[in-house]
Structure formats: structure tokens, C-alpha cells
>>> print(open('input08.cif').read())   # mmCIF, C-alpha atoms
data_structure
#
loop_
_atom_site.label_atom_id
_atom_site.label_comp_id
_atom_site.auth_asym_id
_atom_site.auth_seq_id
_atom_site.Cartn_x
_atom_site.Cartn_y
_atom_site.Cartn_z
CA MET A 1428 51.47 -23.19 67.86
CA LEU A 1429 47.95 -21.75 67.90
CA THR A 1430 49.14 -18.95 70.17
CA ASP A 1431 51.86 -18.08 67.65
CA VAL A 1432 49.31 -17.98 64.83
CA ARG A 1433 47.01 -15.72 66.84
CA ARG A 1434 49.94 -13.44 67.58
CA ALA A 1435 50.74 -13.39 63.87
CA ARG A 1436 47.13 -12.46 63.13
CA TYR A 1437 47.36 -9.37 65.33
CA ALA A 1438 50.73 -8.48 63.84
CA VAL A 1439 49.55 -8.68 60.24
CA ALA A 1440 46.43 -6.71 61.23
CA ALA A 1441 48.73 -3.96 62.52
CA VAL A 1442 50.62 -4.08 59.22
CA PHE A 1443 47.35 -3.60 57.31
CA CYS A 1444 46.56 -0.64 59.55
CA VAL A 1445 49.94 0.99 58.91
CA HIS A 1446 49.58 0.45 55.16
CA GLY A 1447 46.16 2.10 55.16
CA THR A 1448 47.38 5.02 57.23
CA VAL A 1449 49.92 5.90 54.56
CA THR A 1450 47.18 5.97 51.92
CA GLY A 1451 44.87 8.12 54.04
CA SER A 1452 47.68 10.52 54.90
CA PHE A 1453 48.51 11.01 51.23
CA ALA A 1454 44.93 11.33 49.97
CA THR A 1455 43.94 14.21 52.22
CA ARG A 1456 46.88 16.37 51.11
CA ILE A 1457 46.48 15.87 47.35
CA PRO A 1458 45.05 19.40 46.92
CA TRP A 1459 48.13 20.85 48.67
CA ILE A 1460 50.46 18.71 46.57
CA GLN A 1461 48.63 19.78 43.40
CA ASP A 1462 49.00 23.46 44.27
CA HIS A 1463 52.65 23.08 45.29
CA ALA A 1464 53.54 21.33 42.04
CA GLY A 1465 51.47 23.81 40.02
CA VAL A 1466 49.60 21.20 37.98
CA SER A 1467 46.10 21.24 36.50
CA ALA A 1468 43.42 18.62 37.12
CA GLY A 1469 44.42 16.83 33.93
CA GLN A 1470 48.12 16.94 34.81
CA LEU A 1471 47.31 15.68 38.31
CA GLY A 1472 45.39 12.83 36.71
CA LEU A 1473 48.45 12.03 34.59
CA ALA A 1474 50.68 12.05 37.66
CA LEU A 1475 48.27 9.79 39.51
CA ALA A 1476 48.70 7.22 36.74
CA PHE A 1477 52.31 6.72 37.80
CA PRO A 1478 51.50 4.75 40.96
CA ALA A 1479 49.75 2.28 38.64
CA ILE A 1480 52.78 2.15 36.35
CA GLY A 1481 55.19 1.67 39.24
CA SER A 1482 53.03 -1.00 40.80
CA SER A 1483 52.49 -2.89 37.55
CA LEU A 1484 56.21 -2.99 36.78
CA LEU A 1485 57.54 -3.85 40.23
CA MET A 1486 54.71 -5.64 42.05
CA PRO A 1487 55.78 -9.03 40.60
CA LEU A 1488 59.11 -8.62 42.40
CA SER A 1489 57.37 -9.06 45.76
CA GLY A 1490 57.10 -12.81 45.32
CA ALA A 1491 60.73 -13.13 44.31
CA ILE A 1492 61.86 -11.01 47.27
CA THR A 1493 59.80 -13.11 49.67
CA HIS A 1494 61.15 -16.29 48.09
CA ARG A 1495 64.72 -15.03 48.54
CA PHE A 1496 64.59 -13.52 52.04
CA GLY A 1497 61.58 -15.07 53.73
CA SER A 1498 58.22 -13.47 54.49
CA ARG A 1499 59.17 -11.53 57.62
CA ILE A 1500 62.31 -9.85 56.29
CA ALA A 1501 60.66 -9.18 52.94
CA LEU A 1502 57.61 -7.55 54.49
CA ARG A 1503 59.74 -5.54 56.90
CA GLY A 1504 61.81 -4.07 54.07
CA LEU A 1505 58.94 -3.51 51.63
CA LEU A 1506 56.70 -1.91 54.25
CA ALA A 1507 59.49 0.44 55.34
CA LEU A 1508 60.05 1.53 51.73
CA TRP A 1509 56.31 2.18 51.40
CA THR A 1510 56.00 4.26 54.58
CA LEU A 1511 59.08 6.30 53.72
CA SER A 1512 57.81 6.95 50.20
CA LEU A 1513 54.94 8.96 51.69
CA ALA A 1514 57.28 11.92 52.08
CA LEU A 1515 58.28 12.10 48.41
CA PRO A 1516 55.25 13.60 46.54
CA ALA A 1517 54.96 16.67 48.77
CA PHE A 1518 58.49 17.75 47.79
CA ALA A 1519 57.76 17.62 44.05
CA PRO A 1520 58.05 21.14 42.54
CA ASP A 1521 56.68 20.27 39.09
CA LEU A 1522 54.89 17.63 37.06
CA LEU A 1523 57.97 15.58 36.17
CA THR A 1524 59.24 15.16 39.72
CA LEU A 1525 55.70 14.50 40.93
CA CYS A 1526 55.38 11.67 38.41
CA LEU A 1527 58.70 10.19 39.54
CA ALA A 1528 57.74 10.45 43.21
CA LEU A 1529 54.39 8.79 42.57
CA PHE A 1530 56.08 6.03 40.57
CA VAL A 1531 58.10 5.11 43.67
CA TYR A 1532 55.03 5.56 45.87
CA GLY A 1533 53.01 3.12 43.74
CA ALA A 1534 55.80 0.58 43.32
CA THR A 1535 56.44 0.28 47.05
CA SER A 1536 52.70 0.23 47.76
CA GLY A 1537 52.09 -2.67 45.38
CA MET A 1538 54.99 -4.79 46.57
CA SER A 1539 54.17 -4.39 50.26
CA ASP A 1540 50.47 -4.95 49.55
CA VAL A 1541 51.16 -8.31 47.90
CA ALA A 1542 53.44 -9.40 50.76
CA MET A 1543 51.02 -8.53 53.54
CA ASN A 1544 48.01 -10.09 51.80
CA ALA A 1545 49.93 -13.30 51.21
CA LEU A 1546 50.72 -13.47 54.92
CA GLY A 1547 47.10 -12.70 55.77
CA VAL A 1548 45.92 -15.62 53.64
CA GLU A 1549 48.45 -17.94 55.30
CA VAL A 1550 47.28 -16.94 58.78
CA GLU A 1551 43.67 -17.44 57.68
CA ASN A 1552 44.51 -20.94 56.44
CA ARG A 1553 46.18 -21.88 59.70
CA LEU A 1554 43.34 -20.54 61.83
CA GLY A 1555 40.77 -22.32 59.69
CA ARG A 1556 38.37 -19.37 59.58
CA SER A 1557 37.97 -16.14 57.68
CA ILE A 1558 39.92 -13.10 58.83
CA MET A 1559 40.53 -11.28 55.54
CA SER A 1560 37.49 -9.03 55.86
CA GLY A 1561 38.70 -7.94 59.27
CA LEU A 1562 42.20 -7.34 57.92
CA HIS A 1563 40.80 -5.14 55.19
CA GLY A 1564 38.79 -3.44 57.89
CA MET A 1565 42.05 -2.68 59.68
CA TRP A 1566 43.38 -1.20 56.44
CA SER A 1567 40.32 1.05 56.27
CA ALA A 1568 40.76 1.98 59.92
CA GLY A 1569 44.32 2.99 59.11
CA ALA A 1570 43.12 5.03 56.15
CA LEU A 1571 40.66 6.72 58.51
CA ILE A 1572 43.43 7.51 61.00
CA GLY A 1573 45.65 8.91 58.26
CA SER A 1574 42.86 10.96 56.69
CA ALA A 1575 41.73 12.28 60.08
CA ALA A 1576 45.27 13.44 60.85
CA GLY A 1577 45.49 14.90 57.36
CA THR A 1578 42.23 16.77 57.90
CA VAL A 1579 43.60 18.34 61.06
CA ALA A 1580 46.86 19.24 59.29
CA ALA A 1581 45.02 20.73 56.32
CA HIS A 1582 42.69 22.73 58.56
CA ALA A 1583 45.70 24.06 60.48
CA GLU A 1584 47.41 24.85 57.14
CA VAL A 1585 50.43 22.73 58.05
CA ASP A 1586 52.94 22.36 55.25
CA ALA A 1587 52.41 18.90 53.73
CA ARG A 1588 56.18 18.37 53.55
CA LEU A 1589 56.45 18.63 57.32
CA HIS A 1590 53.27 16.62 57.86
CA HIS A 1591 54.32 13.75 55.61
CA CYS A 1592 57.90 13.60 56.86
CA LEU A 1593 56.69 13.26 60.45
CA ALA A 1594 54.05 10.73 59.44
CA ALA A 1595 56.55 8.71 57.42
CA GLY A 1596 58.95 8.51 60.36
CA VAL A 1597 56.30 7.44 62.85
CA LEU A 1598 54.71 4.90 60.50
CA THR A 1599 58.07 3.38 59.60
CA VAL A 1600 58.82 2.69 63.25
CA LEU A 1601 55.33 1.27 63.86
CA GLY A 1602 55.57 -0.89 60.76
CA LEU A 1603 58.92 -2.35 61.76
CA LEU A 1604 57.56 -3.18 65.22
CA ALA A 1605 54.47 -4.84 63.76
CA CYS A 1606 56.54 -6.96 61.37
CA GLN A 1607 58.37 -8.61 64.26
CA GLY A 1608 55.30 -10.71 65.01
CA VAL A 1609 54.30 -11.89 61.51
CA LEU A 1610 54.87 -15.44 60.32
CA ASP A 1611 58.39 -16.10 59.11
CA LEU A 1612 57.79 -18.34 56.11
CA ARG A 1613 60.78 -19.54 54.15
CA SER A 1614 61.03 -21.36 50.84
CA THR A 1615 62.69 -24.74 50.59
CA PRO A 1616 65.96 -24.83 48.61
CA ASP A 1617 64.38 -26.65 45.68
CA GLU A 1618 61.22 -24.52 45.55
CA GLN A 1619 60.79 -22.50 42.38
CA PRO A 1620 59.95 -18.76 42.61
CA PRO A 1621 56.27 -17.92 42.00
CA PRO A 1622 55.21 -16.99 38.44
CA ARG A 1623 55.23 -13.33 37.54
CA PHE A 1624 51.79 -13.39 35.96
CA ALA A 1625 48.74 -15.60 36.44
CA LEU A 1626 46.23 -15.65 33.58
CA PRO A 1627 42.79 -15.86 35.23
CA PRO A 1628 40.16 -18.32 33.96
CA ARG A 1629 36.94 -16.95 32.48
CA PRO A 1630 34.87 -17.12 35.71
CA ALA A 1631 37.56 -15.14 37.49
CA LEU A 1632 37.41 -12.49 34.76
CA LEU A 1633 33.71 -11.98 35.47
CA ILE A 1634 34.35 -11.81 39.20
CA GLY A 1635 37.24 -9.44 38.53
CA ALA A 1636 34.88 -7.16 36.58
CA ILE A 1637 32.71 -6.75 39.67
CA GLY A 1638 35.80 -6.05 41.73
CA PHE A 1639 36.94 -3.56 39.10
CA CYS A 1640 33.74 -1.55 39.49
CA ALA A 1641 33.98 -1.48 43.28
CA VAL A 1642 37.67 -0.62 43.47
CA PHE A 1643 37.36 2.06 40.76
CA ALA A 1644 34.71 3.79 42.86
CA GLU A 1645 36.86 3.38 45.97
CA GLY A 1646 40.05 4.72 44.39
CA ALA A 1647 38.29 7.64 42.71
CA SER A 1648 36.54 8.68 45.91
CA LEU A 1649 39.59 8.30 48.11
CA ASP A 1650 41.90 10.38 45.93
CA TRP A 1651 39.45 12.90 44.45
CA SER A 1652 36.81 13.58 47.11
CA ALA A 1653 38.81 16.41 48.69
CA VAL A 1654 39.58 17.96 45.29
CA TYR A 1655 35.91 17.61 44.30
CA LEU A 1656 34.65 19.53 47.31
CA ARG A 1657 37.29 22.20 46.90
CA ASP A 1658 36.93 22.77 43.15
CA VAL A 1659 33.25 22.00 42.52
CA LEU A 1660 31.68 23.21 45.77
CA ASP A 1661 34.32 25.80 46.76
CA THR A 1662 34.92 24.53 50.29
CA SER A 1663 37.83 25.24 52.62
CA PRO A 1664 40.82 22.86 52.71
CA GLY A 1665 39.72 21.50 56.09
CA VAL A 1666 36.17 20.71 54.98
CA ALA A 1667 37.44 19.23 51.71
CA ALA A 1668 39.81 16.91 53.57
CA ALA A 1669 36.97 15.89 55.89
CA SER A 1670 35.15 14.36 52.92
CA THR A 1671 37.97 11.83 52.59
CA THR A 1672 37.66 11.09 56.29
CA ALA A 1673 33.91 10.47 55.92
CA PHE A 1674 34.56 8.08 53.07
CA ALA A 1675 37.24 6.18 54.99
CA LEU A 1676 34.99 6.00 58.08
CA THR A 1677 32.11 4.32 56.25
CA MET A 1678 34.54 1.91 54.56
CA ALA A 1679 36.00 0.88 57.91
CA VAL A 1680 32.63 0.43 59.63
CA ALA A 1681 31.21 -1.60 56.75
CA ARG A 1682 34.22 -3.91 56.56
CA PHE A 1683 34.23 -4.66 60.27
CA ALA A 1684 30.49 -5.42 60.15
CA GLY A 1685 30.60 -7.11 56.76
CA ASP A 1686 30.97 -10.71 57.94
CA ARG A 1687 27.75 -10.56 59.99
CA VAL A 1688 25.81 -8.99 57.13
CA VAL A 1689 26.94 -11.66 54.68
CA ASP A 1690 26.12 -14.40 57.21
CA ARG A 1691 22.60 -13.02 57.43
CA PHE A 1692 21.78 -12.09 53.84
CA GLY A 1693 24.30 -13.87 51.61
CA ALA A 1694 26.93 -12.51 49.26
CA VAL A 1695 24.69 -11.73 46.27
CA ARG A 1696 22.11 -9.76 48.23
CA THR A 1697 24.81 -7.95 50.17
CA VAL A 1698 26.61 -6.81 47.03
CA ARG A 1699 23.36 -5.82 45.33
CA ALA A 1700 22.38 -3.73 48.32
CA GLY A 1701 25.85 -2.23 48.32
CA GLY A 1702 25.46 -1.37 44.66
CA VAL A 1703 22.22 0.47 45.43
CA LEU A 1704 23.90 2.44 48.21
CA ALA A 1705 26.96 3.28 46.10
CA THR A 1706 24.82 4.36 43.15
CA ALA A 1707 22.69 6.56 45.38
CA GLY A 1708 25.87 8.03 46.83
CA GLY A 1709 27.23 8.80 43.38
CA LEU A 1710 23.99 10.54 42.42
CA LEU A 1711 24.20 12.66 45.56
CA VAL A 1712 27.78 13.64 44.72
CA VAL A 1713 27.05 14.74 41.14
CA THR A 1714 23.87 16.65 42.10
CA ALA A 1715 25.05 18.05 45.45
CA PRO A 1716 24.07 21.70 46.00
CA HIS A 1717 26.32 22.05 49.05
CA PRO A 1718 29.21 20.19 50.72
CA GLY A 1719 27.14 18.28 53.27
CA VAL A 1720 25.21 16.45 50.56
CA ALA A 1721 28.40 15.56 48.67
CA MET A 1722 30.06 14.27 51.84
CA THR A 1723 27.01 12.09 52.49
CA GLY A 1724 27.29 10.81 48.94
CA PHE A 1725 30.96 9.88 49.36
CA GLY A 1726 30.07 8.12 52.61
CA LEU A 1727 27.40 6.04 50.86
CA ILE A 1728 29.85 5.08 48.12
CA GLY A 1729 32.26 3.82 50.76
CA LEU A 1730 29.50 1.93 52.54
CA GLY A 1731 28.34 0.33 49.29
CA VAL A 1732 31.65 -0.95 47.95
CA ALA A 1733 33.37 -1.90 51.21
CA VAL A 1734 32.73 -5.66 51.29
CA VAL A 1735 32.89 -6.38 47.57
CA ILE A 1736 36.60 -7.20 47.39
CA PRO A 1737 36.71 -9.81 50.19
CA LEU A 1738 33.70 -11.50 48.61
CA ALA A 1739 35.29 -11.35 45.16
CA PHE A 1740 38.40 -13.12 46.46
CA ALA A 1741 36.20 -15.77 48.08
CA ALA A 1742 34.23 -16.29 44.88
CA ALA A 1743 37.44 -16.57 42.86
CA GLY A 1744 38.73 -19.26 45.18
CA ARG A 1745 35.61 -21.34 44.50
CA SER A 1746 35.32 -20.64 40.79
CA GLY A 1747 37.45 -23.44 39.39
CA PRO A 1748 40.02 -26.18 39.95
CA ASN A 1749 42.91 -23.75 40.49
CA PRO A 1750 41.89 -21.34 43.29
CA SER A 1751 45.28 -19.65 43.61
CA GLN A 1752 45.39 -18.79 39.93
CA ALA A 1753 41.87 -17.38 40.01
CA ILE A 1754 42.53 -15.33 43.14
CA ALA A 1755 45.76 -13.96 41.66
CA GLY A 1756 43.92 -12.97 38.49
CA VAL A 1757 41.12 -11.21 40.38
CA ALA A 1758 43.67 -9.45 42.59
CA THR A 1759 45.52 -8.17 39.51
CA ILE A 1760 42.32 -6.80 37.97
CA THR A 1761 41.04 -5.14 41.12
CA TYR A 1762 44.39 -3.73 42.20
CA THR A 1763 44.95 -2.24 38.76
CA SER A 1764 41.49 -0.68 38.89
CA GLY A 1765 42.29 1.12 42.12
CA LEU A 1766 45.50 2.49 40.71
CA ILE A 1767 44.15 3.67 37.33
CA ALA A 1768 40.93 5.17 38.72
CA PRO A 1769 42.50 8.40 40.02
CA SER A 1770 44.22 9.15 36.70
CA ALA A 1771 41.10 8.30 34.72
CA ILE A 1772 39.05 10.68 36.85
CA GLY A 1773 41.61 13.44 36.28
CA GLY A 1774 41.72 12.87 32.53
CA ILE A 1775 37.95 13.01 32.19
CA ALA A 1776 37.81 16.07 34.44
CA ASP A 1777 40.35 17.85 32.27
CA LEU A 1778 38.27 17.16 29.15
CA THR A 1779 34.89 17.83 30.77
CA SER A 1780 34.48 18.30 34.53
CA LEU A 1781 34.79 16.48 37.83
CA VAL A 1782 31.00 16.18 37.90
CA VAL A 1783 31.11 14.15 34.68
CA SER A 1784 33.96 12.07 36.12
CA PHE A 1785 31.86 11.05 39.08
CA GLY A 1786 28.98 10.35 36.75
CA LEU A 1787 31.21 7.52 35.46
CA VAL A 1788 31.81 6.38 39.05
CA THR A 1789 28.04 6.28 39.56
CA LEU A 1790 27.57 4.23 36.40
CA LEU A 1791 30.19 1.69 37.47
CA ALA A 1792 28.66 1.49 40.94
CA SER A 1793 25.33 0.56 39.36
CA GLY A 1794 27.12 -2.36 37.69
CA LEU A 1795 27.35 -4.01 41.11
CA ILE A 1796 23.57 -4.36 41.16
CA ALA A 1797 23.41 -6.24 37.88
CA GLY A 1798 26.65 -8.20 38.25
CA ALA A 1799 26.39 -9.38 41.86
CA LYS A 1800 25.12 -12.78 40.72
CA VAL A 1801 28.62 -13.78 39.54
CA LEU A 1802 29.56 -14.10 43.22
CA ARG A 1803 27.04 -16.92 43.66
CA ALA A 1804 29.64 -19.64 43.06
CA GLY A 1805 31.82 -18.42 45.91
CA SER A 1806 29.66 -16.53 48.32
CA ALA A 1807 32.18 -16.63 51.14
CA VAL A 1808 35.25 -18.27 52.57
CA ARG A 1809 35.27 -20.79 55.38
CA ARG A 1810 33.31 -19.12 58.17
CA LEU A 1811 31.08 -17.31 55.68
CA SER A 1812 30.47 -20.30 53.44
CA ALA A 1813 27.34 -21.31 55.32
CA ALA A 1814 25.64 -18.00 54.57
CA PRO A 1815 22.60 -18.14 52.25
CA VAL A 1816 23.46 -16.83 48.80
CA GLU A 1817 19.96 -15.70 47.96
#
>>> encode(input="input08.cif", output="C-alpha cells")
Amino acid sequence: MLTDVRRARYAVAAVFCVHGTVTGSFATRIPWIQDHAGVSAGQLGLALAFPAIGSSLLMPLSGAITHRFGSRIALRGLLALWTLSLALPAFAPDLLTLCLALFVYGATSGMSDVAMNALGVEVENRLGRSIMSGLHGMWSAGALIGSAAGTVAAHAEVDARLHHCLAAGVLTVLGLLACQGVLDLRSTPDEQPPPRFALPPRPALLIGAIGFCAVFAEGASLDWSAVYLRDVLDTSPGVAAASTTAFALTMAVARFAGDRVVDRFGAVRTVRAGGVLATAGGLLVVTAPHPGVAMTGFGLIGLGVAVVIPLAFAAAGRSGPNPSQAIAGVATITYTSGLIAPSAIGGIADLTSLVVSFGLVTLLASGLIAGAKVLRAGSAVRRLSAAPVE
């Protein structure tokens, strides 16, 4: 039995990696997609709101699909839809079709994200120790792989339609193979489907606010770093795409090392230190005189916000008598933040500039410093719970 659970851990880790690779592949080619569709920064921001709309409307279906078909079949189908959706945005010739493509992209992303995280939590419960930080690290590693491949493709001036079609095909196959090893959980005949919406208690709202700040900075940097370097600092497509790779690299490294850091310093100190790093990174981005400084800034943002979300989930689980409700509420807040951040950045940039947009990112990052104390009640899960909070 334990061997099966360990095998399932590796399988769900591979699923996280595939999911992240799709995101990294898309993010690095946003400048190409913007040019191909002929949209302005503000219009791109509008289009990037549609993943949030698609996710918000269809993400609740993930639980019902899992309830109906079982966890393995549900994840296999939802992950395949997500990987295949990668190819859609690059074919959009105008704003309307780009919005429709991104609606599908966001909807499939949200549904598969819920399914794989639910399986990750179940594996964690059966192992009796924390693995979620490592799983999120695998997601970041996948984003790094996707962004690195995208950087090479952008530097070589490969058509994003060809790039994303090839990537979608490969990732679909890899995702289907990975799903063969995940836990196959099935509902009992008399079990009711999960609720569509969980209203979080007040403590979870405060924890969700910290997660909101971190994920907003993450989503803005992931989707807009390449555009920022191209439009603000006039860099080449290859160098601009490399900024996304730098961001994804620091995120991955920090998440894989995050458990040890929290064990040593505690959740509150870790998040405060991360807030300092992310704020410093934001200041570097908005004041950067040349691309190297901006890329360093994006790297520091990634380093600073990387471990906030796993710690927020842990704190939510310890914040009241109904852990699942609190975790679901925090997940809704943080996931929504990541999806609305790119469109908010574009809207502000259209009214002012991208520099002002990342001034907002810097301000939100500084909120981690002041708000880290709300994680005191749930500094870690299982293996991390013995870490000193202060």
C-alpha cells in the first residue's frame, strides 16, 4: 500500500510539472501572440482577463467531474484539455478570437488545477507528511522548462503556432502517461457531490489576503515580464523571454528549498523576509536602467513570493474548526488573484504605463512584510508544524 502511495506521489508530481510547463510555454510567447493578434497593451490586458472568467465559471465543475468519473479518469481528461488548449491563443488573429481562446485556456487550467491539487492533498494525507511545497516546486520546474523552451523558440524566431502545437502534442502524451499512476479515488453511490462554493471564515479571509498579494505579484511577473523588457527597455525577443525564465528559475529553487527554510526560521519570518526580497525586486524593476537590473528584479520577486502559497494553505487548515472550508476559501482567493493580475496590469499600463503597473506589484509585495503575522496560527503542515513561528 505504501509503495502504491509513493508511486502516486511521483505521478502527481509529474502532473504538476506538465501543468507548469504549459504555463511557462504560453508566457514566453505572449509578445508574439500580442503582435499576431494586433492588440494594444490595454487590449492584451482585457484578453488576459478571460482566463479568469473561464476559470471562475467552469472550475467548480472539476469536483462534479471527479465525483462522476473518479479522480484518475477526471484528471486524465482535464489535463489533456489543458495541454491541448495551449495551441489556441497563437492562432487568434484578432482581439475577439484571442479572448475566446484564452477563455478556454483558463477554464481548462482551473479545472485541471483543482483536480491535481486535490490528489496531491490526498497523497499527502496518506503519507502523513508534507509534500505540497515540493509539488508546487515541480510546477515551477515545469514552468521553467516551458519558459526555457519558449526563450529558445523566441530567440530563433520560431512561429508560436508551430511551437505551441508541438508543445501541446508532447505535453498531452506526457500528461496521459503521468496520470496512469495517480490515485484512483471513487465516490460511494450515496455520496453527495462537493459544494460549488465555500464561503471562507474571517481568519481565512485574512490569510487569503496575504496569498492574494503573493499570487498577484507572481501572475503579473510571469505574464508581463517579457513584455516589460521588450516595451520599456527595448530588448530583443530572446532577452525579453529570458526574463520569464529567470523568474521561473527563482520560483522553482525557492519552492524546493522552502521546507528547510521554514523549519529553520518559521513561517512568519520566512514570509517577512520574502516580502523584503519581493519588494526590493519590484523596486529594481521599476527603476531599472537596463535589462540586467530588471531581470534581477523579477528574479527577486519570484524568490520572495515562492513559499507564501503553501504556507497560506497550511495556515488556513489550522485557522478554525472546518479546515477544508478554510482551505477552499483561500484557494479561491489566491487562484483568482493569479488570473486577474495579468489583466489588471494591462489595464493600468494602458491608462498610464507598465512602470506604474509594476509599482502596484511592488506595493502589494510590501504587504507581505506587514501581513505575515496572520500565518502564525498555521505556520506549517505536518512535517513543518514543529518549526518555530517567531
>>> atom_distance(input="input08.cif", atom1="atom CA of Val1712 of chain A", atom2="atom CA of Ala1776 of chain A")
14.6 Å
>>> atom_distance(input="input08.cif", atom1="atom CA of Thr1779 of chain A", atom2="atom CA of Leu1656 of chain A")
16.6 Å
>>> residues_around(input="input08.cif", residues="Ala1438 of chain A", least_positions_apart="4", cutoff="10 Å", atoms="all atoms listed in the file", output="count of residues only")
15
>>> resolve_selection(input="input08.cif", expression="the PyMOL selection byres ((chain A and resi 1768) around 9)", output="list in words")
Leu1475, Ala1476, Val1642, Phe1643, Ala1644, Glu1645, Gly1646, Ala1647, Asp1650, Thr1763, Ser1764, Gly1765, Leu1766, Ile1767, Pro1769, Ser1770, Ala1771, Ile1772 and Gly1773 of chain A
>>> residues_around(input="input08.cif", residues="Ala1595 of chain A", least_positions_apart="6", cutoff="8 Å", atoms="only C-alpha atoms", output="PyMOL selection string")
chain A and resi 1449+1510-1514
>>> atom_distance(input="input08.cif", atom1="atom CA of Arg1696 of chain A", atom2="atom CA of Leu1554 of chain A")
27.4 Å
>>> residues_near_point(input="input08.cif", point="(36.6, 15.2, 59.5)", cutoff="12 Å", atoms="only C-alpha atoms", output="PyMOL selection string")
chain A and resi 1455+1571-1582+1653+1664-1676+1719+1722+1726
>>> closest_residue(input="input08.cif", among="A:Val1782, A:Leu1522, A:Val1585, A:Ala1705", to="Asp1658 of chain A", atoms="all atoms listed in the file")
A:Val1782
>>> closest_residue(input="input08.cif", among="A:Ser1567, A:Gln1461, A:Thr1524, A:Thr1662", to="Ala1733 of chain A", atoms="all atoms listed in the file")
A:Ser1567
>>> closest_residue(input="input08.cif", among="A:Ile1637, A:Arg1553, A:Leu1612, A:Thr1706", to="Ala1743 of chain A", atoms="all atoms listed in the file")
A:Ile1637
>>> resolve_selection(input="input08.cif", expression="the PyMOL selection byres ((chain A and resi 1786-1788) around 8)", output="list in words")
Phe1643, Ala1644, Ala1647, Gly1709, Leu1710, Val1713, Val1782, Val1783, Ser1784, Phe1785, Thr1789, Leu1790, Leu1791 and Ala1792 of chain A
>>> write_last_selection(input="input08.cif", atoms="C-alpha atoms", output="mmCIF file, in the frame of the given file")
data_model
loop_
_atom_site.group_PDB
_atom_site.id
_atom_site.type_symbol
_atom_site.label_atom_id
_atom_site.label_comp_id
_atom_site.auth_asym_id
_atom_site.auth_seq_id
_atom_site.Cartn_x
_atom_site.Cartn_y
_atom_site.Cartn_z
ATOM 1 C CA PHE A 1643 37.360 2.060 40.760
ATOM 2 C CA ALA A 1644 34.710 3.790 42.860
ATOM 3 C CA ALA A 1647 38.290 7.640 42.710
ATOM 4 C CA GLY A 1709 27.230 8.800 43.380
ATOM 5 C CA LEU A 1710 23.990 10.540 42.420
ATOM 6 C CA VAL A 1713 27.050 14.740 41.140
ATOM 7 C CA VAL A 1782 31.000 16.180 37.900
ATOM 8 C CA VAL A 1783 31.110 14.150 34.680
ATOM 9 C CA SER A 1784 33.960 12.070 36.120
ATOM 10 C CA PHE A 1785 31.860 11.050 39.080
ATOM 11 C CA THR A 1789 28.040 6.280 39.560
ATOM 12 C CA LEU A 1790 27.570 4.230 36.400
ATOM 13 C CA LEU A 1791 30.190 1.690 37.470
ATOM 14 C CA ALA A 1792 28.660 1.490 40.940
#
>>> closest_residue(input="input08.cif", among="A:Ala1545, A:Ala1641, A:Val1466, A:Val1734", to="Ile1760 of chain A", atoms="only C-alpha atoms")
A:Ala1641
>>> closest_residue(input="input08.cif", among="A:Val1548, A:Ala1700, A:Ala1441, A:Val1735", to="Gly1569 of chain A", atoms="all atoms listed in the file")
A:Ala1441
>>> closest_residue(input="input08.cif", among="A:Leu1601, A:Ile1500, A:Ala1715, A:Ala1519", to="Met1543 of chain A", atoms="all atoms listed in the file")
A:Ile1500
>>> residues_around(input="input08.cif", residues="Asn1544 of chain A", least_positions_apart="3", cutoff="12 Å", atoms="all atoms listed in the file", output="PyMOL selection string")
chain A and resi 1436+1439-1440+1442-1443+1446+1489-1490+1498+1502+1537-1541+1547-1551+1558-1560+1562-1563+1566+1609+1737+1740+1754-1755+1758
>>> residues_around(input="input08.cif", residues="segment 1528-1533 of chain A", least_positions_apart="3", cutoff="7 Å", atoms="all atoms listed in the file", output="CSV table (one decimal) with C-alpha atoms, in the frame of the given file")
chain,number,residue,atom,x,y,z
A,1474,ALA,CA,50.7,12.0,37.7
A,1475,LEU,CA,48.3,9.8,39.5
A,1477,PHE,CA,52.3,6.7,37.8
A,1478,PRO,CA,51.5,4.8,41.0
A,1479,ALA,CA,49.8,2.3,38.6
A,1480,ILE,CA,52.8,2.2,36.4
A,1481,GLY,CA,55.2,1.7,39.2
A,1482,SER,CA,53.0,-1.0,40.8
A,1509,TRP,CA,56.3,2.2,51.4
A,1512,SER,CA,57.8,7.0,50.2
A,1513,LEU,CA,54.9,9.0,51.7
A,1515,LEU,CA,58.3,12.1,48.4
A,1516,PRO,CA,55.2,13.6,46.5
A,1524,THR,CA,59.2,15.2,39.7
A,1525,LEU,CA,55.7,14.5,40.9
A,1536,SER,CA,52.7,0.2,47.8
A,1537,GLY,CA,52.1,-2.7,45.4
>>> residues_around(input="input08.cif", residues="Arg1456 of chain A", least_positions_apart="2", cutoff="8 Å", atoms="only C-alpha atoms", output="compact mmCIF listing (two decimals) with C-alpha atoms, in the frame of the given file")
# COMPACT_ATOMS: atom_id res chain seq x y z
CA SER A 1452 47.68 10.52 54.90
CA PHE A 1453 48.51 11.01 51.23
CA ALA A 1454 44.93 11.33 49.97
CA PRO A 1458 45.05 19.40 46.92
CA TRP A 1459 48.13 20.85 48.67
CA ILE A 1460 50.46 18.71 46.57
CA GLY A 1577 45.49 14.90 57.36
CA ALA A 1581 45.02 20.73 56.32
CA ALA A 1587 52.41 18.90 53.73
CA ALA A 1668 39.81 16.91 53.57
>>> resolve_selection(input="input08.cif", expression="the PyMOL selection byres ((chain A and resi 1730) around 9)", output="PyMOL selection string")
chain A and resi 1674+1676-1682+1701+1704-1705+1725-1729+1731-1734
